[in-house]
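Source file: run.txt. Holds: compact mmCIF, C-alpha atoms and all ligand atoms.
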```txt
# COMPACT_ATOMS: atom_id res chain seq x y z
CA MET A 1 -39.16 17.34 11.13
CA SER A 2 -38.59 20.43 13.19
CA ALA A 3 -40.88 23.44 13.05
CA SER A 4 -37.98 25.71 12.19
CA GLY A 5 -36.04 23.70 9.62
CA HIS A 6 -35.41 20.40 7.88
CA SER A 7 -34.65 17.28 9.86
CA ASP A 8 -31.66 15.26 8.64
CA GLY A 9 -33.23 12.06 9.95
CA LYS A 10 -31.31 12.02 13.23
CA GLY A 11 -33.20 14.73 14.99
CA PHE A 12 -30.88 17.56 13.94
CA CYS A 13 -32.41 20.62 12.41
CA ARG A 14 -30.63 22.02 9.39
CA LYS A 15 -30.84 25.53 10.78
CA MET A 16 -29.17 24.33 13.96
CA THR A 17 -25.79 23.18 12.86
CA ILE A 18 -22.14 24.02 13.26
CA LYS A 19 -19.61 25.65 10.97
CA ILE A 20 -15.82 25.66 10.88
CA SER A 21 -14.52 29.18 11.61
CA GLY A 22 -10.81 28.45 11.82
CA THR A 23 -8.29 25.78 10.83
CA GLY A 24 -4.72 25.02 11.86
CA SER A 25 -2.15 22.27 11.48
CA ALA A 26 1.31 21.19 12.56
CA LEU A 27 3.83 18.83 11.02
CA PRO A 28 7.11 17.70 12.59
CA GLU A 29 10.18 19.12 10.87
CA LYS A 30 11.84 15.84 9.98
CA ARG A 31 10.86 14.33 6.62
CA LEU A 32 11.48 10.70 5.77
CA THR A 33 11.66 9.95 2.04
CA ASN A 34 11.01 6.67 0.25
CA LYS A 35 14.70 6.62 -0.71
CA GLU A 36 15.66 6.73 2.98
CA LEU A 37 13.19 3.91 3.69
CA GLU A 38 15.00 1.80 1.08
CA GLN A 39 17.96 1.80 3.51
CA MET A 40 15.76 0.64 6.39
CA VAL A 41 13.54 -2.17 4.99
CA ASP A 42 13.31 -4.31 1.85
CA THR A 43 11.29 -1.82 -0.20
CA SER A 44 11.71 0.58 -3.10
CA ASP A 45 10.66 4.11 -3.94
CA ALA A 46 8.98 2.71 -7.08
CA TRP A 47 6.87 0.18 -5.11
CA ILE A 48 5.71 2.73 -2.56
CA ARG A 49 4.83 5.35 -5.21
CA GLU A 50 3.04 2.88 -7.43
CA ARG A 51 1.02 1.15 -4.69
CA THR A 52 0.31 4.16 -2.46
CA GLY A 53 1.27 7.45 -4.13
CA ILE A 54 3.31 8.35 -1.02
CA GLN A 55 6.70 10.00 -1.56
CA GLU A 56 7.58 11.20 1.92
CA ARG A 57 6.14 11.55 5.44
CA HIS A 58 6.96 13.63 8.53
CA ILE A 59 8.37 11.95 11.62
CA ALA A 60 8.15 13.41 15.14
CA GLU A 61 11.46 13.60 16.95
CA GLY A 62 11.01 16.16 19.74
CA ASP A 63 7.22 16.42 19.22
CA SER A 64 4.34 14.45 20.76
CA VAL A 65 0.62 14.04 20.04
CA VAL A 66 0.00 16.77 22.61
CA SER A 67 2.60 19.26 21.35
CA LEU A 68 1.51 18.85 17.71
CA ALA A 69 -2.16 19.14 18.71
CA ALA A 70 -1.51 22.26 20.78
CA LYS A 71 0.34 23.95 17.89
CA ALA A 72 -2.49 23.10 15.47
CA CYS A 73 -5.04 24.48 17.99
CA GLN A 74 -3.14 27.74 18.47
CA ARG A 75 -3.15 28.23 14.70
CA ALA A 76 -6.87 27.35 14.42
CA LEU A 77 -7.72 29.79 17.21
CA ALA A 78 -5.66 32.57 15.57
CA ASP A 79 -7.40 31.84 12.26
CA ALA A 80 -10.82 32.07 13.94
CA GLY A 81 -9.83 35.23 15.84
CA ARG A 82 -10.55 33.53 19.18
CA THR A 83 -8.66 33.10 22.44
CA ALA A 84 -8.04 29.90 24.38
CA GLU A 85 -10.18 31.20 27.28
CA GLU A 86 -13.20 31.32 24.96
CA VAL A 87 -13.10 27.60 24.14
CA ASP A 88 -15.89 25.47 25.67
CA LEU A 89 -14.94 21.99 24.51
CA ILE A 90 -11.76 20.25 23.28
CA LEU A 91 -12.15 16.92 21.48
CA LEU A 92 -8.95 15.20 20.44
CA ALA A 93 -9.12 12.26 18.05
CA THR A 94 -6.05 10.06 18.28
CA CYS A 95 -5.02 6.43 18.28
CA SER A 96 -1.38 7.02 19.17
CA ALA A 97 -1.55 8.88 22.49
CA GLU A 98 1.69 8.63 24.45
CA MET A 99 -0.21 8.35 27.73
CA LEU A 100 -3.36 6.51 28.78
CA LEU A 101 -3.81 8.90 31.70
CA PRO A 102 -4.36 11.79 31.61
CA CYS A 103 -6.05 11.96 28.22
CA SER A 104 -4.21 13.95 25.56
CA ALA A 105 -7.06 16.47 25.21
CA ALA A 106 -6.69 17.46 28.87
CA GLN A 107 -2.95 17.95 28.34
CA VAL A 108 -3.70 20.14 25.32
CA GLN A 109 -6.20 22.11 27.41
CA GLY A 110 -3.46 22.70 29.99
CA GLU A 111 -0.90 23.67 27.36
CA LEU A 112 -3.29 26.12 25.68
CA GLY A 113 -4.53 27.60 28.96
CA ALA A 114 -8.09 26.88 27.80
CA VAL A 115 -9.25 27.16 31.40
CA ASN A 116 -12.98 27.09 30.60
CA ALA A 117 -12.91 24.04 28.33
CA VAL A 118 -13.98 20.47 28.98
CA ALA A 119 -11.55 18.10 27.25
CA PHE A 120 -11.50 14.44 26.30
CA ASP A 121 -10.10 12.05 23.68
CA ILE A 122 -11.95 10.07 21.03
CA ASN A 123 -10.41 7.02 19.41
CA ALA A 124 -12.06 5.89 16.19
CA ALA A 125 -8.74 5.54 14.31
CA CYS A 126 -8.73 7.15 10.86
CA ALA A 127 -12.43 8.08 11.15
CA GLY A 128 -11.70 9.70 14.54
CA PHE A 129 -11.72 13.31 13.39
CA LEU A 130 -15.17 12.90 11.82
CA PHE A 131 -16.50 11.13 14.91
CA ALA A 132 -15.16 14.00 17.04
CA LEU A 133 -16.73 16.56 14.69
CA GLN A 134 -20.08 14.80 14.99
CA THR A 135 -19.72 14.77 18.79
CA ALA A 136 -19.02 18.51 18.79
CA ARG A 137 -22.06 19.00 16.57
CA ALA A 138 -24.25 17.08 19.01
CA TYR A 139 -23.02 19.06 22.02
CA ILE A 140 -23.32 22.43 20.31
CA THR A 141 -26.67 21.91 18.57
CA GLY A 142 -27.94 20.35 21.81
CA GLY A 143 -27.22 23.68 23.50
CA MET A 144 -24.64 22.42 25.99
CA TYR A 145 -21.66 24.28 24.55
CA GLN A 146 -21.20 27.22 22.18
CA ASN A 147 -18.00 26.11 20.45
CA ALA A 148 -15.27 23.48 20.28
CA LEU A 149 -11.76 22.76 19.14
CA VAL A 150 -11.86 19.48 17.22
CA ILE A 151 -8.43 17.95 16.64
CA GLY A 152 -6.89 14.98 14.90
CA ALA A 153 -3.31 14.34 16.06
CA GLU A 154 -1.02 11.34 15.65
CA VAL A 155 2.52 10.20 16.28
CA LEU A 156 2.13 6.89 14.46
CA SER A 157 5.89 6.53 14.00
CA LYS A 158 6.04 5.35 17.64
CA ILE A 159 3.55 2.51 17.11
CA VAL A 160 4.65 1.12 13.75
CA ASP A 161 7.11 -1.71 13.46
CA TRP A 162 10.05 -0.26 11.52
CA GLU A 163 10.96 -3.78 10.40
CA ASP A 164 7.54 -4.42 8.79
CA ARG A 165 7.64 -3.08 5.25
CA GLY A 166 3.90 -3.74 4.86
CA THR A 167 3.04 -0.95 7.33
CA CYS A 168 6.03 1.29 8.10
CA VAL A 169 6.12 2.86 4.62
CA LEU A 170 2.52 4.06 4.92
CA PHE A 171 2.24 6.17 8.04
CA GLY A 172 3.32 9.67 9.10
CA ASP A 173 2.97 12.07 12.02
CA GLY A 174 1.07 15.36 12.25
CA ALA A 175 -1.95 17.22 13.59
CA GLY A 176 -4.85 19.28 12.31
CA ALA A 177 -7.45 21.25 14.25
CA VAL A 178 -10.63 23.17 13.53
CA PHE A 179 -12.52 25.70 15.64
CA VAL A 180 -16.26 25.07 15.29
CA GLU A 181 -19.23 27.05 16.51
CA LYS A 182 -22.95 27.36 16.02
CA SER A 183 -23.98 28.42 12.54
CA GLU A 184 -27.06 30.59 12.35
CA GLU A 185 -27.13 30.80 8.56
CA GLU A 186 -29.33 28.31 6.80
CA ASP A 187 -27.42 26.04 4.44
CA ARG A 188 -24.00 27.01 5.89
CA GLY A 189 -21.92 24.58 7.90
CA ILE A 190 -22.46 20.84 8.34
CA LEU A 191 -25.51 19.74 6.34
CA SER A 192 -25.46 16.02 7.10
CA MET A 193 -23.34 13.33 8.63
CA VAL A 194 -23.24 9.53 8.49
CA GLN A 195 -21.14 7.28 10.73
CA GLY A 196 -20.70 3.54 11.10
CA SER A 197 -18.74 0.85 12.90
CA ASP A 198 -18.14 -2.85 12.21
CA GLY A 199 -16.46 -4.32 15.29
CA SER A 200 -16.69 -7.85 13.91
CA ARG A 201 -13.71 -7.00 11.67
CA GLY A 202 -11.45 -5.45 14.31
CA GLY A 203 -8.70 -8.00 13.61
CA VAL A 204 -8.07 -6.49 10.18
CA LEU A 205 -6.22 -3.50 11.66
CA TYR A 206 -5.13 -3.33 15.28
CA CYS A 207 -2.45 -2.29 17.75
CA ARG A 208 -2.11 -3.28 21.40
CA THR A 209 -1.33 -0.84 24.18
CA ARG A 210 1.33 -3.24 25.53
CA PRO A 211 2.81 -6.63 24.57
CA GLN A 212 0.39 -9.49 25.27
CA GLU A 213 1.34 -12.77 26.91
CA THR A 214 -1.92 -14.66 26.59
CA GLU A 215 -3.70 -16.07 23.53
CA ASP A 216 -6.56 -14.06 22.15
CA ALA A 217 -8.42 -13.31 18.97
CA PHE A 218 -5.67 -11.37 17.21
CA ALA A 219 -2.39 -13.09 16.45
CA GLY A 220 0.24 -10.37 16.94
CA ARG A 221 1.35 -10.04 20.57
CA ASP A 222 3.56 -6.97 20.28
CA ALA A 223 2.41 -3.36 20.63
CA PHE A 224 2.79 -2.41 16.95
CA VAL A 225 0.26 -1.77 14.18
CA HIS A 226 -0.86 -4.97 12.43
CA MET A 227 -2.78 -4.67 9.20
CA ASN A 228 -4.29 -6.83 6.53
CA GLY A 229 -3.86 -4.16 3.86
CA GLY A 230 -5.87 -5.93 1.19
CA GLU A 231 -8.93 -6.27 3.45
CA VAL A 232 -8.78 -2.62 4.50
CA TYR A 233 -8.42 -1.63 0.85
CA LYS A 234 -11.54 -3.59 -0.19
CA PHE A 235 -13.50 -2.25 2.78
CA ALA A 236 -12.59 1.35 1.97
CA VAL A 237 -13.36 1.15 -1.73
CA ARG A 238 -16.80 -0.34 -1.06
CA GLN A 239 -17.84 1.38 2.17
CA VAL A 240 -16.68 4.95 1.57
CA PRO A 241 -18.67 5.59 -1.65
CA ASP A 242 -21.80 4.10 0.00
CA CYS A 243 -21.31 6.25 3.06
CA ILE A 244 -20.78 9.39 0.94
CA GLU A 245 -23.90 8.63 -1.14
CA ASN A 246 -25.92 8.25 2.08
CA ALA A 247 -24.65 11.54 3.49
CA LEU A 248 -25.38 13.31 0.18
CA LYS A 249 -28.90 11.87 0.12
CA LYS A 250 -29.51 13.16 3.65
CA ALA A 251 -28.37 16.61 2.56
CA GLY A 252 -30.56 16.49 -0.55
CA LEU A 253 -27.49 16.76 -2.81
CA THR A 254 -25.72 14.65 -5.42
CA VAL A 255 -22.07 14.01 -6.30
CA ALA A 256 -22.33 16.68 -9.03
CA ASP A 257 -23.13 19.35 -6.39
CA ILE A 258 -19.82 18.83 -4.57
CA ASP A 259 -16.76 21.00 -5.21
CA LEU A 260 -14.25 19.07 -3.11
CA PHE A 261 -14.09 15.61 -1.57
CA VAL A 262 -11.65 15.82 1.34
CA LEU A 263 -10.95 12.15 1.98
CA HIS A 264 -8.81 10.29 4.47
CA GLN A 265 -5.35 10.16 2.90
CA ALA A 266 -4.53 6.46 3.31
CA ASN A 267 -3.51 5.71 -0.23
CA VAL A 268 -3.88 7.64 -3.49
CA ARG A 269 -5.05 4.44 -5.26
CA ILE A 270 -7.93 4.15 -2.78
CA ILE A 271 -8.89 7.78 -3.44
CA GLU A 272 -8.81 7.17 -7.21
CA ALA A 273 -10.97 4.04 -6.85
CA ILE A 274 -13.50 5.96 -4.71
CA ALA A 275 -13.61 8.81 -7.26
CA LYS A 276 -14.25 6.28 -10.03
CA ARG A 277 -17.07 4.62 -8.09
CA LEU A 278 -18.67 8.00 -7.47
CA ARG A 279 -18.17 8.92 -11.16
CA ALA A 280 -16.39 12.14 -10.19
CA GLY A 281 -13.17 13.54 -11.66
CA MET A 282 -9.95 13.42 -9.64
CA GLU A 283 -9.79 17.24 -9.86
CA HIS A 284 -12.42 17.22 -7.08
CA PHE A 285 -10.26 14.99 -4.84
CA PRO A 286 -7.32 16.95 -3.39
CA VAL A 287 -4.37 14.85 -2.24
CA ASN A 288 -1.50 15.46 0.18
CA ALA A 289 -0.72 11.81 0.98
CA ASP A 290 2.25 12.10 -1.37
CA ARG A 291 3.87 14.56 1.08
CA VAL A 292 2.57 13.45 4.49
CA GLY A 293 1.60 9.77 4.14
CA ASN A 294 -1.27 8.33 6.15
CA THR A 295 -1.64 10.41 9.33
CA SER A 296 -4.82 8.61 10.49
CA SER A 297 -7.14 10.96 12.41
CA ALA A 298 -4.98 13.98 11.47
CA ALA A 299 -5.34 13.43 7.72
CA ILE A 300 -8.64 15.24 7.08
CA PRO A 301 -8.01 18.36 9.23
CA LEU A 302 -4.42 18.59 7.91
CA LEU A 303 -5.67 18.60 4.32
CA LEU A 304 -8.52 21.00 5.14
CA ASP A 305 -6.03 23.49 6.58
CA GLU A 306 -3.72 23.13 3.60
CA LEU A 307 -6.62 23.72 1.17
CA ARG A 308 -7.84 26.76 3.07
CA LYS A 309 -4.45 28.36 3.39
CA SER A 310 -3.78 27.89 -0.34
CA GLY A 311 -7.15 29.45 -1.22
CA LYS A 312 -8.58 26.24 -2.69
CA ILE A 313 -11.62 26.32 -0.39
CA GLN A 314 -13.89 29.29 -1.03
CA VAL A 315 -16.90 30.51 0.93
CA GLY A 316 -20.07 28.92 -0.43
CA GLN A 317 -18.38 25.78 -1.76
CA ARG A 318 -19.83 22.38 -0.91
CA LEU A 319 -17.47 19.82 0.58
CA VAL A 320 -17.63 16.16 1.53
CA LEU A 321 -15.28 14.91 4.24
CA SER A 322 -14.93 11.15 4.59
CA GLY A 323 -12.73 8.81 6.60
CA PHE A 324 -12.36 5.10 7.32
CA GLY A 325 -10.11 2.89 9.34
CA ALA A 326 -9.58 0.54 12.26
CA GLY A 327 -12.65 -0.59 14.14
CA LEU A 328 -13.64 -0.89 11.43
CA THR A 329 -15.05 2.62 11.38
CA TYR A 330 -16.24 4.98 8.67
CA GLY A 331 -17.96 8.32 8.31
CA ALA A 332 -18.89 11.05 5.85
CA CYS A 333 -19.94 14.62 6.33
CA VAL A 334 -21.44 17.08 3.85
CA MET A 335 -20.85 20.78 4.49
CA ARG A 336 -21.18 24.15 2.85
CA TRP A 337 -18.24 26.40 3.66
O1 LIG A 401 -5.85 4.35 7.21
C1 LIG A 401 -6.52 3.17 6.97
C2 LIG A 401 -5.60 2.05 7.11
N1 LIG A 401 -4.85 1.55 6.03
C3 LIG A 401 -5.16 1.52 4.72
O2 LIG A 401 -6.03 2.14 4.21
C4 LIG A 401 -4.32 0.64 3.86
C5 LIG A 401 -5.16 -0.06 2.82
N2 LIG A 401 -4.37 -0.96 2.01
C6 LIG A 401 -3.44 -0.52 1.13
O3 LIG A 401 -3.24 0.66 0.95
C7 LIG A 401 -2.69 -1.57 0.31
O4 LIG A 401 -3.27 -2.82 0.55
C8 LIG A 401 -1.19 -1.61 0.64
C9 LIG A 401 -0.51 -0.36 0.12
C10 LIG A 401 -0.96 -1.72 2.14
C11 LIG A 401 -0.54 -2.80 -0.03
O5 LIG A 401 -0.74 -2.74 -1.42
P1 LIG A 401 -1.22 -4.05 -2.22
O6 LIG A 401 -1.26 -3.68 -3.64
O7 LIG A 401 -2.51 -4.50 -1.57
O8 LIG A 401 -0.04 -5.03 -1.97
P2 LIG A 401 -0.05 -6.48 -1.26
O9 LIG A 401 -0.24 -6.34 0.21
O10 LIG A 401 -1.00 -7.36 -2.02
O11 LIG A 401 1.40 -6.96 -1.53
C12 LIG A 401 1.90 -7.18 -2.86
C13 LIG A 401 3.36 -7.58 -2.77
C14 LIG A 401 3.60 -8.69 -1.74
O12 LIG A 401 4.64 -9.51 -2.26
P3 LIG A 401 4.30 -10.90 -2.99
O13 LIG A 401 3.58 -11.71 -1.96
O14 LIG A 401 3.44 -10.54 -4.17
O15 LIG A 401 5.65 -11.42 -3.36
C15 LIG A 401 4.13 -7.95 -0.54
O16 LIG A 401 4.97 -8.76 0.27
O17 LIG A 401 4.12 -6.47 -2.32
C16 LIG A 401 4.93 -6.86 -1.18
N3 LIG A 401 5.11 -5.69 -0.34
C17 LIG A 401 6.10 -4.80 -0.55
N4 LIG A 401 7.08 -4.74 -1.45
C18 LIG A 401 7.92 -3.69 -1.39
C19 LIG A 401 4.35 -5.28 0.72
N5 LIG A 401 4.85 -4.15 1.21
C20 LIG A 401 5.92 -3.81 0.45
C21 LIG A 401 6.82 -2.75 0.46
N6 LIG A 401 7.80 -2.73 -0.47
N7 LIG A 401 6.76 -1.74 1.35
```
Could I get this file's structure written as structure tokens?
Ligand code: UT7
Amino acid sequence: MSASGHSDGKGFCRKMTIKISGTGSALPEKRLTNKELEQMVDTSDAWIRERTGIQERHIAEGDSVVSLAAKACQRALADAGRTAEEVDLILLATCSAEMLLPCSAAQVQGELGAVNAVAFDINAACAGFLFALQTARAYITGGMYQNALVIGAEVLSKIVDWEDRGTCVLFGDGAGAVFVEKSEEEDRGILSMVQGSDGSRGGVLYCRTRPQETEDAFAGRDAFVHMNGGEVYKFAVRQVPDCIENALKKAGLTVADIDLFVLHQANVRIIEAIAKRLRAGMEHFPVNADRVGNTSSAAIPLLLDELRKSGKIQVGQRLVLSGFGAGLTYGACVMRW
């Protein structure tokens, strides 16, 4: 317990936290509908809608992780009324970077002209944005930096196997970014955060950086996404509600106190199952997976930006953000806007 505020159990003081002051997003122009997918693999619009709720997704043609991320950042900076030169830290969550070196965050820094910023990538798959947000929180509340751009950006269309109907119908491309800075107001900004990893189940969802010639733990040797959908589904439906309950407990709140649950948009059925477990109505669970599919680390910031721009997030509202994915990884964050 700190002398000046309430400890959240990890050494952070409630008074010393961060808030989101700007949001931005970017989606590639090209849309790919379920009907078009019917021409590509043995699937149907009805199956995809019924099992996932997805109707269409955006596919990058001329865009990259870096170009989408940079556009989302420019919009987040404009929204926050800040310039690129003012940015201290750039954290880019992605699992589909086109290049191993240099990291995508450094390329974004160059593209933005954020000459004073330190930049690096974080890969925690679909929980990546939350892990990056927590990292920014640690740096800023620790006093090392004053602010950060936290980004989730993916071009998953380049790492899915377009002949595998079990995965290619699920994913889409896009980016979302938030500008975060120190919050001086008590009870405004991030109130608590919980993260977790279970590396023993990495084989459930993986993708190599290059084709593999030797035997190893995971069967697929190509450089495409491999997923045991059923296992990920069970993991999400059990782990996410637990994680959210833990984060709420740390914040001294309950499910009934929350206005909006901004969840990773993997599958509308998963979101409905999580809502049911938490005994909360679906009106508190906004969805855009129907229009953008599963955009992994970009999903939460993309939806946040959409909700803000449409006036669905109001100052003073309490939000839960929660993501889960390969690793396996999971996280939840409670915040007051
Ligand atoms: O971002 C985090 C990572 N991913 C996830 O969160 C995904 C989590 N998992 C899921 O969302 C679901 O497990 C899926 C949507 C991937 C699959 O739904 P499911 O209800 O678990 O279906 P299933 O895998 O049990 O497959 C049912 C049937 C199978 O056919 P048989 O064996 O019953 O004849 C599949 O071969 O559906 C078949 N199937 C398809 N049929 C038409 C699988 N994919 C397709 C498809 N179109 N695209």
Nearby polymer residues, ligand LIG 401 (chain A), at most 8 Å, only C-alpha atoms and all ligand atoms, as a PyMOL selection string: chain A and resi 41-44+47-48+51-52+125-126+164-170+205+227-234+236+264-267+269-270+294-296+324-326
Anything within 7 Å of (2.7, 22.5, 12.6): list those residues as a PDB file with C-alpha atoms, in the coordinates of the input, counting only C-alpha atoms and sticking to the file's coordinates.
```pdb
ATOM      1  CA  SER A  25      -2.150  22.270  11.480  1.00  0.00           C
ATOM      2  CA  ALA A  26       1.310  21.190  12.560  1.00  0.00           C
ATOM      3  CA  LEU A  27       3.830  18.830  11.020  1.00  0.00           C
ATOM      4  CA  PRO A  28       7.110  17.700  12.590  1.00  0.00           C
ATOM      5  CA  LEU A  68       1.510  18.850  17.710  1.00  0.00           C
ATOM      6  CA  LYS A  71       0.340  23.950  17.890  1.00  0.00           C
ATOM      7  CA  ALA A  72      -2.490  23.100  15.470  1.00  0.00           C
TER       8      ALA A  72
END
```
Do you have the CA of Asp257 (chain A)-CA of Gly323 (chain A) distance handy? 19.7 Å
Given the choices A:Cys333, A:Ile18, A:Ala289, A:Val320, which gets closest to Gln146 (chain A) if the distance is worked out from all atoms listed in the file? A:Ile18
Report, in Å to a single decimal, how far apart CA of Ala153 (chain A) and CA of Ala105 (chain A) are.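 About the pair CA of Ala105 (chain A) and CA of Ala153 (chain A): they are 10.1 Å apart.
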Pick out the residues sitting within 10 Å of Arg279 (chain A), and hand them over as a PyMOL selection string; count only C-alpha atoms, and ignore anything fewer than 5 positions along from it in its own chain. chain A and resi 255-256+273-274
Top pick for closest residue to Ala177 (chain A), considering A:Leu149, A:Ile90, A:Met99, A:Leu263 and counting only C-alpha atoms: A:Leu149
